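Pasted below: input.csv, CSV, C-alpha atoms and all ligand atoms.
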```csv
chain,number,residue,atom,x,y,z
A,1,MET,CA,17.2,21.1,-22.7
A,2,THR,CA,16.4,17.8,-21.0
A,3,LEU,CA,15.1,17.0,-17.6
A,4,SER,CA,17.7,15.8,-15.2
A,5,LEU,CA,15.9,13.8,-12.6
A,6,ARG,CA,17.4,11.4,-10.1
A,7,GLY,CA,16.1,9.8,-7.0
A,8,MET,CA,17.5,10.2,-3.5
A,9,GLU,CA,17.6,8.0,-0.5
A,10,ILE,CA,15.4,8.9,2.5
A,11,GLY,CA,16.2,8.0,6.1
A,12,LEU,CA,14.2,8.2,9.3
A,13,HIS,CA,16.5,7.9,12.3
A,14,GLY,CA,14.5,7.3,15.4
A,15,ALA,CA,12.1,9.9,14.1
A,16,ALA,CA,9.0,10.4,16.3
A,17,VAL,CA,6.1,12.9,16.5
A,18,ARG,CA,4.1,13.9,19.5
A,19,PHE,CA,1.2,16.3,19.5
A,20,GLY,CA,0.9,17.2,23.2
A,21,ASP,CA,0.4,13.9,25.1
A,22,PHE,CA,-0.5,12.1,21.9
A,23,GLN,CA,2.2,10.0,20.3
A,24,ALA,CA,1.2,10.2,16.6
A,25,VAL,CA,4.4,8.5,15.3
A,26,HIS,CA,6.6,6.3,17.6
A,27,PRO,CA,10.4,6.4,17.2
A,28,THR,CA,10.9,5.0,13.7
A,29,ASP,CA,14.0,3.8,11.8
A,30,LEU,CA,13.5,3.4,8.1
A,31,THR,CA,15.5,3.6,4.9
A,32,ILE,CA,13.8,4.2,1.6
A,33,ASP,CA,16.2,3.6,-1.3
A,34,ALA,CA,16.9,6.1,-4.1
A,35,GLY,CA,14.6,5.5,-7.0
A,36,GLU,CA,12.3,3.2,-5.0
A,37,PHE,CA,8.4,3.2,-5.3
A,38,PHE,CA,7.7,3.0,-1.6
A,39,SER,CA,4.2,3.1,-0.1
A,40,ILE,CA,2.9,3.7,3.4
A,41,LEU,CA,-0.3,1.7,3.9
A,42,GLY,CA,-2.5,1.8,7.0
A,43,PRO,CA,-6.0,2.6,8.3
A,44,SER,CA,-7.2,6.2,8.8
A,45,GLY,CA,-5.4,7.9,11.6
A,46,CYS,CA,-2.4,5.6,11.8
A,47,GLY,CA,0.1,8.4,11.2
A,48,LYS,CA,0.8,8.1,7.4
A,49,THR,CA,0.3,11.8,6.6
A,50,THR,CA,2.3,12.7,9.7
A,51,VAL,CA,5.3,10.8,8.3
A,52,LEU,CA,4.9,12.5,4.9
A,53,ARG,CA,4.8,15.9,6.6
A,54,LEU,CA,8.1,15.0,8.3
A,55,LEU,CA,9.6,14.3,4.9
A,56,SER,CA,8.2,17.5,3.3
A,57,GLY,CA,9.4,19.6,6.1
A,58,PHE,CA,6.0,21.0,7.2
A,59,LEU,CA,6.5,19.3,10.5
A,60,SER,CA,9.7,18.7,12.6
A,61,PRO,CA,10.3,15.5,14.5
A,62,SER,CA,9.7,15.7,18.2
A,63,GLU,CA,12.8,13.5,18.5
A,64,GLY,CA,15.1,11.8,16.0
A,65,ALA,CA,16.0,13.0,12.6
A,66,VAL,CA,15.2,12.9,8.9
A,67,SER,CA,17.7,12.8,6.1
A,68,ILE,CA,17.3,13.0,2.3
A,69,GLY,CA,20.2,12.2,0.0
A,70,GLY,CA,22.3,11.6,3.1
A,71,ARG,CA,21.8,15.2,4.2
A,72,PRO,CA,20.2,16.0,7.6
A,73,MET,CA,17.0,17.9,7.0
A,74,ALA,CA,16.8,19.7,10.4
A,75,GLY,CA,16.1,23.4,9.8
A,76,ILE,CA,15.6,23.0,6.1
A,77,ALA,CA,12.4,24.6,4.9
A,78,PRO,CA,9.9,22.7,2.7
A,79,ALA,CA,10.8,24.9,-0.3
A,80,ASP,CA,14.5,24.2,0.0
A,81,ARG,CA,14.1,20.4,0.2
A,82,PRO,CA,14.5,18.2,-2.9
A,83,THR,CA,10.9,17.1,-2.5
A,84,ALA,CA,7.6,17.9,-4.2
A,85,LEU,CA,4.2,17.1,-2.8
A,86,ILE,CA,0.9,16.0,-4.5
A,87,PHE,CA,-2.4,15.9,-2.7
A,88,GLN,CA,-5.8,14.3,-3.3
A,89,ASN,CA,-7.4,17.7,-3.8
A,90,LEU,CA,-5.0,19.3,-6.2
A,91,ALA,CA,-5.6,22.9,-6.9
A,92,LEU,CA,-4.9,24.0,-10.5
A,93,PHE,CA,-5.2,27.7,-11.3
A,94,PRO,CA,-8.5,27.8,-13.3
A,95,LEU,CA,-7.6,30.9,-15.3
A,96,MET,CA,-4.1,29.8,-16.4
A,97,THR,CA,-3.6,27.4,-19.3
A,98,VAL,CA,-2.4,23.9,-18.6
A,99,TRP,CA,1.2,24.8,-19.5
A,100,GLU,CA,1.2,27.9,-17.4
A,101,ASN,CA,0.0,25.8,-14.5
A,102,VAL,CA,2.9,23.3,-15.0
A,103,ALA,CA,5.4,26.2,-15.3
A,104,PHE,CA,4.1,28.0,-12.2
A,105,GLY,CA,7.0,26.9,-9.9
A,106,LEU,CA,9.5,27.9,-12.6
A,107,GLU,CA,8.1,31.4,-12.8
A,108,MET,CA,8.6,31.7,-9.0
A,109,ARG,CA,12.2,30.7,-9.6
A,110,GLY,CA,12.7,33.5,-12.2
A,111,TRP,CA,12.9,31.4,-15.4
A,112,PRO,CA,12.2,33.4,-18.5
A,113,LYS,CA,9.0,32.7,-20.4
A,114,ALA,CA,10.4,30.8,-23.4
A,115,ARG,CA,12.4,28.5,-21.2
A,116,ARG,CA,9.4,27.9,-18.9
A,117,ARG,CA,7.1,27.1,-21.8
A,118,ALA,CA,9.6,24.6,-23.3
A,119,ARG,CA,10.1,22.9,-20.0
A,120,ALA,CA,6.3,22.7,-19.4
A,121,PHE,CA,5.7,21.1,-22.9
A,122,GLU,CA,8.4,18.6,-22.2
A,123,LEU,CA,6.8,17.6,-19.0
A,124,LEU,CA,3.4,17.4,-20.6
A,125,ASP,CA,4.8,14.9,-23.0
A,126,LEU,CA,6.2,12.9,-20.1
A,127,VAL,CA,2.7,12.6,-18.5
A,128,ALA,CA,1.0,11.8,-21.9
A,129,LEU,CA,-0.6,15.2,-22.3
A,130,ALA,CA,1.1,16.3,-25.5
A,131,GLY,CA,-1.1,18.8,-27.3
A,132,GLN,CA,-3.1,19.8,-24.2
A,133,GLY,CA,-0.9,22.6,-23.1
A,134,GLU,CA,-3.0,25.5,-24.4
A,135,LYS,CA,-6.2,24.3,-22.8
A,136,LEU,CA,-7.7,25.5,-19.5
A,137,PRO,CA,-7.9,23.0,-16.6
A,138,ALA,CA,-11.7,22.9,-16.9
A,139,GLU,CA,-11.4,21.5,-20.4
A,140,LEU,CA,-9.6,18.3,-19.1
A,141,SER,CA,-10.9,15.2,-17.5
A,142,GLY,CA,-10.2,14.4,-13.8
A,143,GLY,CA,-7.4,12.0,-14.7
A,144,GLN,CA,-5.8,14.5,-17.0
A,145,ARG,CA,-6.0,17.3,-14.4
A,146,GLN,CA,-4.2,14.9,-12.0
A,147,ARG,CA,-1.5,14.4,-14.6
A,148,VAL,CA,-1.1,18.2,-14.9
A,149,ALA,CA,-0.6,18.3,-11.1
A,150,ILE,CA,2.1,15.6,-11.4
A,151,ALA,CA,3.8,17.5,-14.2
A,152,ARG,CA,3.7,20.7,-12.1
A,153,ALA,CA,5.3,18.8,-9.2
A,154,LEU,CA,8.0,17.4,-11.5
A,155,ALA,CA,8.8,20.8,-13.0
A,156,VAL,CA,11.1,21.8,-10.2
A,157,GLU,CA,13.1,18.5,-10.7
A,158,PRO,CA,12.5,17.0,-7.3
A,159,ALA,CA,14.5,13.9,-6.2
A,160,VAL,CA,11.6,12.7,-4.1
A,161,LEU,CA,7.9,12.9,-5.0
A,162,LEU,CA,5.5,12.7,-2.0
A,163,LEU,CA,2.0,11.6,-2.9
A,164,ASP,CA,-0.7,11.8,-0.3
A,165,GLU,CA,-3.7,9.6,-1.5
A,166,PRO,CA,-3.5,11.3,-5.0
A,167,LEU,CA,-6.1,9.1,-6.6
A,168,SER,CA,-8.8,8.9,-4.0
A,169,ALA,CA,-10.9,11.6,-5.7
A,170,LEU,CA,-11.0,9.7,-9.0
A,171,ASP,CA,-13.5,7.0,-10.0
A,172,LEU,CA,-12.5,3.4,-9.9
A,173,LYS,CA,-11.7,2.8,-13.5
A,174,LEU,CA,-9.6,6.0,-13.7
A,175,ARG,CA,-7.9,5.1,-10.5
A,176,GLN,CA,-6.8,1.7,-11.9
A,177,HIS,CA,-5.6,3.3,-15.1
A,178,MET,CA,-3.6,6.0,-13.1
A,179,ARG,CA,-1.9,3.3,-11.0
A,180,ALA,CA,-0.2,1.9,-14.1
A,181,GLU,CA,0.7,5.4,-15.3
A,182,LEU,CA,2.2,6.4,-12.0
A,183,LYS,CA,4.2,3.3,-11.8
A,184,GLN,CA,5.5,3.9,-15.4
A,185,LEU,CA,6.3,7.5,-14.6
A,186,GLN,CA,8.2,6.5,-11.6
A,187,GLN,CA,10.3,4.0,-13.6
A,188,GLN,CA,10.8,6.5,-16.4
A,189,THR,CA,12.0,9.3,-14.1
A,190,GLY,CA,13.9,7.2,-11.6
A,191,ILE,CA,12.9,9.5,-8.7
A,192,THR,CA,11.9,8.2,-5.3
A,193,PHE,CA,8.1,8.0,-4.8
A,194,VAL,CA,6.7,7.9,-1.3
A,195,TYR,CA,3.0,7.0,-1.7
A,196,ILE,CA,0.5,7.3,1.1
A,197,THR,CA,-2.7,5.2,0.9
A,198,HIS,CA,-5.3,3.3,2.9
A,199,ASP,CA,-6.0,1.2,-0.2
A,200,GLN,CA,-4.1,-2.0,-0.2
A,201,GLY,CA,-4.8,-2.6,-3.9
A,202,GLU,CA,-3.0,0.6,-4.8
A,203,ALA,CA,-0.1,-0.1,-2.5
A,204,LEU,CA,0.4,-3.7,-3.5
A,205,THR,CA,0.2,-3.2,-7.3
A,206,MET,CA,2.5,-0.2,-7.6
A,207,SER,CA,5.2,-0.5,-4.9
A,208,ASP,CA,8.6,-2.0,-4.7
A,209,ARG,CA,8.1,-2.1,-1.0
A,210,VAL,CA,5.2,-1.3,1.4
A,211,ALA,CA,5.4,-0.2,5.0
A,212,VAL,CA,2.2,-1.2,6.9
A,213,MET,CA,1.5,1.3,9.7
A,214,HIS,CA,-0.8,0.8,12.7
A,215,ARG,CA,-1.2,3.2,15.6
A,216,GLY,CA,1.8,5.3,14.9
A,217,ARG,CA,4.2,2.3,14.3
A,218,ILE,CA,5.5,0.7,11.1
A,219,VAL,CA,4.6,-2.9,11.9
A,220,GLN,CA,6.1,-4.5,8.8
A,221,VAL,CA,8.0,-3.5,5.7
A,222,GLY,CA,8.2,-5.7,2.6
A,223,SER,CA,7.3,-6.4,-0.9
A,224,ALA,CA,3.6,-7.2,-1.8
A,225,ASP,CA,4.4,-10.9,-1.9
A,226,THR,CA,6.2,-10.8,1.5
A,227,LEU,CA,3.3,-9.0,3.2
A,228,TYR,CA,0.7,-11.3,1.7
A,229,ASP,CA,2.5,-14.6,2.1
A,230,ARG,CA,4.7,-14.0,5.2
A,231,PRO,CA,2.9,-11.6,7.5
A,232,GLU,CA,4.8,-11.1,10.7
A,233,ASN,CA,2.0,-10.2,13.0
A,234,ALA,CA,-1.8,-10.5,13.4
A,235,PHE,CA,-2.4,-6.9,12.2
A,236,VAL,CA,-0.7,-7.4,8.8
A,237,ALA,CA,-2.2,-10.8,8.4
A,238,THR,CA,-5.7,-9.4,8.7
A,239,PHE,CA,-5.2,-5.9,7.1
A,240,VAL,CA,-3.6,-7.2,3.9
A,241,GLY,CA,-5.9,-9.5,1.9
A,242,GLU,CA,-8.5,-11.8,3.3
A,243,THR,CA,-7.9,-14.6,5.8
A,244,ASN,CA,-9.4,-17.3,7.9
A,245,ARG,CA,-8.3,-17.5,11.5
A,246,PHE,CA,-8.3,-20.3,14.1
A,247,VAL,CA,-7.5,-19.4,17.7
A,248,GLY,CA,-5.7,-21.9,19.8
A,249,THR,CA,-2.6,-23.0,21.8
A,250,VAL,CA,0.7,-24.2,20.4
A,251,THR,CA,1.2,-27.9,21.3
A,252,ARG,CA,4.5,-28.6,19.5
A,253,SER,CA,7.2,-26.6,17.8
A,254,GLU,CA,10.1,-27.6,15.6
A,255,ALA,CA,12.2,-26.3,12.7
A,256,GLY,CA,10.0,-23.5,11.6
A,257,LEU,CA,6.8,-25.4,12.0
A,258,ALA,CA,4.3,-25.6,14.9
A,259,GLU,CA,1.2,-27.6,15.8
A,260,ILE,CA,-1.7,-25.7,17.2
A,261,ALA,CA,-4.8,-27.1,19.0
A,262,THR,CA,-7.9,-25.2,17.9
A,263,ALA,CA,-11.6,-25.8,18.2
A,264,GLU,CA,-11.6,-27.2,14.7
A,265,GLY,CA,-8.8,-29.7,15.5
A,266,ARG,CA,-5.0,-29.8,15.5
A,267,PHE,CA,-3.2,-28.2,12.6
A,268,ARG,CA,0.4,-27.8,11.5
A,269,ALA,CA,1.7,-24.6,9.9
A,270,GLN,CA,4.6,-22.2,9.6
A,271,ASN,CA,5.9,-20.7,12.8
A,272,PRO,CA,8.0,-17.7,11.9
A,273,SER,CA,7.9,-16.2,15.4
A,274,ASP,CA,9.2,-19.4,17.0
A,275,LEU,CA,6.3,-19.7,19.3
A,276,PRO,CA,6.9,-22.3,22.0
A,277,PRO,CA,4.5,-25.0,23.2
A,278,GLY,CA,1.9,-23.4,25.5
A,279,ALA,CA,1.8,-20.1,23.6
A,280,GLU,CA,-1.6,-18.7,22.8
A,281,ALA,CA,-1.7,-18.1,19.1
A,282,VAL,CA,-3.7,-17.8,15.9
A,283,LEU,CA,-3.5,-19.7,12.7
A,284,PHE,CA,-4.1,-17.6,9.6
A,285,LEU,CA,-5.1,-19.2,6.3
A,286,ARG,CA,-5.9,-17.5,3.0
A,287,PRO,CA,-9.2,-18.5,1.4
A,288,GLU,CA,-7.4,-19.6,-1.8
A,289,ARG,CA,-5.0,-21.9,0.1
A,290,LEU,CA,-7.9,-24.0,1.5
A,291,ARG,CA,-9.2,-26.7,-0.9
A,292,VAL,CA,-12.1,-29.1,-1.1
A,293,LEU,CA,-10.6,-32.5,-1.1
A,294,GLU,CA,-11.6,-35.1,-3.6
A,295,ALA,CA,-12.7,-38.6,-2.4
A,296,GLY,CA,-9.6,-40.4,-1.2
A,297,GLU,CA,-7.4,-37.3,-1.3
A,298,THR,CA,-5.4,-36.4,1.8
A,299,ALA,CA,-3.7,-33.3,3.1
A,300,SER,CA,-1.4,-32.4,6.0
A,301,ASN,CA,-4.3,-30.5,7.7
A,302,THR,CA,-8.0,-31.4,7.3
A,303,LEU,CA,-11.3,-30.3,8.6
A,304,GLN,CA,-15.0,-30.8,7.6
A,305,GLY,CA,-18.0,-28.6,6.9
A,306,ARG,CA,-21.2,-28.0,5.0
A,307,LEU,CA,-21.6,-25.4,2.2
A,308,LEU,CA,-23.6,-22.4,3.3
A,309,ARG,CA,-23.2,-20.2,0.3
A,310,ARG,CA,-21.3,-20.0,-3.0
A,311,ASP,CA,-20.6,-16.6,-4.5
A,312,MET,CA,-19.8,-16.9,-8.2
A,313,GLU,CA,-17.3,-14.0,-8.9
A,314,GLY,CA,-16.4,-14.8,-12.5
A,315,ALA,CA,-13.0,-16.4,-12.7
A,316,PHE,CA,-13.4,-17.8,-9.2
A,317,SER,CA,-16.0,-18.6,-6.5
A,318,THR,CA,-16.0,-17.9,-2.8
A,319,LEU,CA,-17.5,-20.7,-0.7
A,320,VAL,CA,-18.7,-20.0,2.8
A,321,ILE,CA,-18.5,-23.2,4.8
A,322,GLN,CA,-20.0,-24.0,8.2
A,323,THR,CA,-17.4,-26.0,10.2
A,324,ALA,CA,-17.8,-27.7,13.6
A,325,GLN,CA,-17.2,-24.4,15.5
A,326,GLY,CA,-17.5,-21.6,13.0
A,327,ARG,CA,-17.3,-20.5,9.4
A,328,VAL,CA,-14.5,-20.6,6.9
A,329,LYS,CA,-14.1,-19.0,3.5
A,330,LEU,CA,-12.6,-20.9,0.6
A,331,GLN,CA,-11.8,-19.5,-2.8
A,332,GLN,CA,-11.5,-21.6,-5.9
A,333,VAL,CA,-10.9,-21.1,-9.6
A,334,ASN,CA,-14.0,-22.0,-11.5
A,335,SER,CA,-13.6,-25.0,-13.7
A,336,GLY,CA,-16.6,-24.3,-16.0
A,337,ILE,CA,-18.5,-27.4,-15.0
A,338,GLY,CA,-19.8,-26.1,-11.7
A,339,ALA,CA,-19.3,-28.3,-8.7
A,340,ALA,CA,-21.8,-30.4,-6.8
A,341,LEU,CA,-21.0,-29.5,-3.3
A,342,ASP,CA,-23.7,-31.3,-1.3
A,343,GLY,CA,-23.3,-33.1,2.0
A,344,VAL,CA,-20.2,-33.0,4.2
A,345,LEU,CA,-17.2,-31.5,2.5
A,346,ARG,CA,-13.7,-32.5,3.4
A,347,LEU,CA,-11.3,-29.5,3.4
A,348,GLY,CA,-7.6,-29.5,3.5
A,349,PHE,CA,-4.5,-27.2,3.4
A,350,ALA,CA,-0.8,-27.7,3.4
A,351,GLU,CA,1.6,-26.9,6.3
A,352,THR,CA,3.3,-24.3,4.1
A,353,ALA,CA,0.0,-22.7,3.2
A,354,ALA,CA,-0.8,-21.2,6.7
A,355,VAL,CA,1.0,-19.3,9.3
A,356,ILE,CA,0.8,-19.4,13.1
A,357,LEU,CA,1.4,-16.0,14.8
A,358,PRO,CA,1.0,-14.5,18.3
A,359,GLY,CA,-2.5,-13.1,18.9
A,360,GLY,CA,-2.8,-9.4,18.9
A,361,GLU,CA,-4.9,-6.6,17.5
A,362,MET,CA,-6.5,-7.5,14.2
A,363,ALA,CA,-7.4,-5.1,11.4
A,364,ASP,CA,-11.1,-5.8,11.7
A,365,ASP,CA,-11.5,-5.8,15.5
A,401,LIG,P1,-5.9,9.5,7.2
A,401,LIG,O1,-5.7,8.4,6.3
A,401,LIG,O2,-7.2,9.6,7.8
A,401,LIG,O3,-5.4,10.8,6.6
A,401,LIG,P2,-3.4,9.2,8.6
A,401,LIG,O4,-2.9,7.9,8.8
A,401,LIG,O5,-2.7,10.1,7.5
A,401,LIG,O6,-4.9,9.2,8.5
A,401,LIG,P3,-2.4,11.3,10.3
A,401,LIG,O7,-3.1,12.5,9.6
A,401,LIG,O8,-1.0,11.1,10.2
A,401,LIG,O9,-3.2,10.0,10.0
A,401,LIG,O10,-2.8,11.5,11.9
A,401,LIG,C1,-2.3,10.6,12.8
A,401,LIG,C2,-2.9,10.9,14.2
A,401,LIG,O11,-2.4,12.2,14.6
A,401,LIG,C3,-4.4,11.1,14.2
A,401,LIG,O12,-5.0,10.5,15.3
A,401,LIG,C4,-4.6,12.6,14.1
A,401,LIG,O13,-5.8,13.0,14.8
A,401,LIG,C5,-3.4,13.1,14.9
A,401,LIG,N1,-3.0,14.4,14.5
A,401,LIG,C6,-2.5,14.8,13.2
A,401,LIG,N2,-2.2,16.1,13.2
A,401,LIG,C7,-2.4,16.6,14.4
A,401,LIG,C8,-2.2,17.9,15.0
A,401,LIG,N3,-1.7,18.9,14.3
A,401,LIG,N4,-2.5,18.0,16.3
A,401,LIG,C9,-3.0,17.0,17.0
A,401,LIG,N5,-3.2,15.7,16.5
A,401,LIG,C10,-2.9,15.5,15.3
```
Same coordinates, now as structure tokens:
Amino acid sequence: MTLSLRGMEIGLHGAAVRFGDFQAVHPTDLTIDAGEFFSILGPSGCGKTTVLRLLSGFLSPSEGAVSIGGRPMAGIAPADRPTALIFQNLALFPLMTVWENVAFGLEMRGWPKARRRARAFELLDLVALAGQGEKLPAELSGGQRQRVAIARALAVEPAVLLLDEPLSALDLKLRQHMRAELKQLQQQTGITFVYITHDQGEALTMSDRVAVMHRGRIVQVGSADTLYDRPENAFVATFVGETNRFVGTVTRSEAGLAEIATAEGRFRAQNPSDLPPGAEAVLFLRPERLRVLEAGETASNTLQGRLLRRDMEGAFSTLVIQTAQGRVKLQQVNSGIGAALDGVLRLGFAETAAVILPGGEMADD
């Protein structure tokens, strides 16, 4: 007997959810590929869990439709969908052994005991719990218990695993370890993972693609690199990673680049939204893309400031620099000699290192 797992494609087709007058999810079109590790990332209350409930079938869309494996899901109950769900607060049965917990769903389906047991041990192998099957849940660590829950979810051979913040109850070290394990498990099984989290580190490290959600809308979908390097709006630019921002007015625009006049001076940077001259806009610049210029060195964009603080963080340092009108953060790799950063510092960044986007709601407003 071997597991026969395969992933299925998921489609949202103009799917929306209203609770009374409140639009929790605006009409959304989205395709998640079969076998993809897909995360939905966003702040508390943005609608992530509501999307997951649409997929699991515990909630029906107020308009639009959901399909899994090309099949419309309208009227199909949660238990009849090719999905399994894992929560943050998993509930294992304390008086059942680990293998009996894993086999629980199979008992409900009428599998005979010997077959259930064999399948459970096979799944325990898969989640690196070989030899733990006869223990009780209380005899396992938190991370091991979470793996039992995963094995239990996989027992019914779902094509789609829905994970709702499954690691948030674990401590930091274990969480980081489990990230690698989940990613490996997803690759091994080939099933589609839809992973809900408000933790960008989790989403960026594990996922093939991430959807960033804000106020009931998916505001960008892309790989970790795309979201970090090519944010399409102010929310993504500020929610994913750290950034400096300079508010201003576009003064020139040509071939993917624009010039913006800000309180710190005029800068040139990427202009993915094709903002025309006169547009109110914000330039976003990652701290590690800003550099302290050496004597005589030049850059496309320059500004000046004085060092306020240097936080040594091991491999790199974060410098907080007072500029003419505000403060900027600069991150640099430590060279081991320590830098003398007295007096006025000249700072620079390349045109390709920053992005100019329309203003809008920021993640930390
Ligand atoms: P969190 O990370 O805090 O779980 P979330 O992004 O998963 O947040 P949802 O649980 O999807 O958010 O909720 C989205 C919005 O819909 C919230 O404002 C919530 O209060 C609201 N909401 C969710 N379920 C219901 C319901 N059954 N009735 C009314 N409003 C609801």
Calculated over all atoms listed in the file, which of the candidates A:Leu140, A:Val127, A:Val219, A:Leu154 has the smallest distance to Ala180 (chain A)? A:Val127
Selection near Phe267 (chain A), 6 Å with all atoms listed in the file, sequence-local residues under 2 positions removed, as a ChimeraX atom specification: /A:259-260,301
Which residues are near ligand LIG 401 (chain A) in this structure, taking near to mean any atom at most 9 Å from a ligand atom and counting only C-alpha atoms and all ligand atoms? Format them as JSON, numbers by chain. {"A": [17, 18, 19, 20, 22, 23, 24, 25, 40, 41, 42, 43, 44, 45, 46, 47, 48, 49, 50, 51, 52, 53, 164, 165, 196, 197, 198, 213, 214, 215, 216]}
Using only C-alpha atoms, which residues sit within 9 Å of Phe349 (chain A) once same-chain residues fewer than 5 positions away are excluded, as a ChimeraX atom specification? /A:285,289-291,299-302,354
Return the single residue from A:Arg179, A:Arg346, A:Arg245, A:Arg209 that is closest to Gly326 (chain A), with distances computed using only C-alpha atoms.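 Ranked by minimum distance to Gly326 (chain A), first place goes to A:Arg245.
What separates CA of Leu174 (chain A) from CA of Gly143 (chain A) is a distance of 6.5 Å.
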Counting all atoms listed in the file, the option among A:Ala315, A:Pro358, A:Leu12, A:Leu347 closest to Glu297 (chain A): A:Leu347
Could you please determine the separation between CA of Gly360 (chain A) and CA of Thr243 (chain A) in Å, to one decimal place?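 CA of Thr243 (chain A) lies at a distance of 15.0 Å from CA of Gly360 (chain A).
Interatomic distance, CA of Val221 (chain A) to CA of Gly11 (chain A): 14.1 Å.
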For the point (7.1, 10.7, -1.0) in file coordinates, what residues are within 6 Å, counting all atoms listed in the file? Give the answer as number ranges by chain? A: 160-163, 193-195
Excluding same-chain residues fewer than 4 positions from Asp364 (chain A), what lies within 9 Å of it counting all atoms listed in the file, as an MDAnalysis selection string? chainID A and resid 235 238:239
Rank A:Thr28, A:Gln187, A:Gln220, A:Ser39 by their smallest atom-to-atom distance to Gln200 (chain A), using only C-alpha atoms, and report the top residue only. A:Ser39
Using all atoms listed in the file, can you tell me which of A:Arg71, A:Arg327, A:His26, A:His177 comes closest to Glu202 (chain A)?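 The closest residue to Glu202 (chain A) is A:His177.
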Name all residues at most 7 Å from Leu307 (chain A) (count all atoms listed in the file; drop same-chain ones fewer than 6 positions away) and give them as a compact mmCIF listing (two decimals) with C-alpha atoms, keeping the file's coordinate frame.
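To be explicit, this is the file written out as around01.txt:
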```txt
# COMPACT_ATOMS: atom_id res chain seq x y z
CA LEU A 319 -17.50 -20.70 -0.70
CA VAL A 320 -18.70 -20.00 2.80
CA ILE A 321 -18.50 -23.20 4.80
CA GLN A 322 -20.00 -24.00 8.20
CA LEU A 341 -21.00 -29.50 -3.30
```
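Proximity ranking of A:Ala263, A:Met312, A:Leu357, A:Leu185 relative to Ala234 (chain A) places A:Leu357 first, based on all atoms listed in the file.
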Could you list, as an mmCIF file with C-alpha atoms, in the coordinates of the input, every residue within 12 Å of region 104-112 of chain A, counting only C-alpha atoms and ignoring same-chain residues fewer than 5 positions away?
```cif
data_model
loop_
_atom_site.group_PDB
_atom_site.id
_atom_site.type_symbol
_atom_site.label_atom_id
_atom_site.label_comp_id
_atom_site.auth_asym_id
_atom_site.auth_seq_id
_atom_site.Cartn_x
_atom_site.Cartn_y
_atom_site.Cartn_z
ATOM 1 C CA ALA A 79 10.800 24.900 -0.300
ATOM 2 C CA ASP A 80 14.500 24.200 0.000
ATOM 3 C CA ALA A 84 7.600 17.900 -4.200
ATOM 4 C CA LEU A 92 -4.900 24.000 -10.500
ATOM 5 C CA PHE A 93 -5.200 27.700 -11.300
ATOM 6 C CA MET A 96 -4.100 29.800 -16.400
ATOM 7 C CA THR A 97 -3.600 27.400 -19.300
ATOM 8 C CA VAL A 98 -2.400 23.900 -18.600
ATOM 9 C CA TRP A 99 1.200 24.800 -19.500
ATOM 10 C CA ARG A 117 7.100 27.100 -21.800
ATOM 11 C CA ALA A 118 9.600 24.600 -23.300
ATOM 12 C CA ARG A 119 10.100 22.900 -20.000
ATOM 13 C CA ALA A 120 6.300 22.700 -19.400
ATOM 14 C CA VAL A 148 -1.100 18.200 -14.900
ATOM 15 C CA ALA A 149 -0.600 18.300 -11.100
ATOM 16 C CA ALA A 151 3.800 17.500 -14.200
ATOM 17 C CA ARG A 152 3.700 20.700 -12.100
ATOM 18 C CA ALA A 153 5.300 18.800 -9.200
ATOM 19 C CA LEU A 154 8.000 17.400 -11.500
ATOM 20 C CA ALA A 155 8.800 20.800 -13.000
ATOM 21 C CA VAL A 156 11.100 21.800 -10.200
ATOM 22 C CA GLU A 157 13.100 18.500 -10.700
ATOM 23 C CA PRO A 158 12.500 17.000 -7.300
#
```
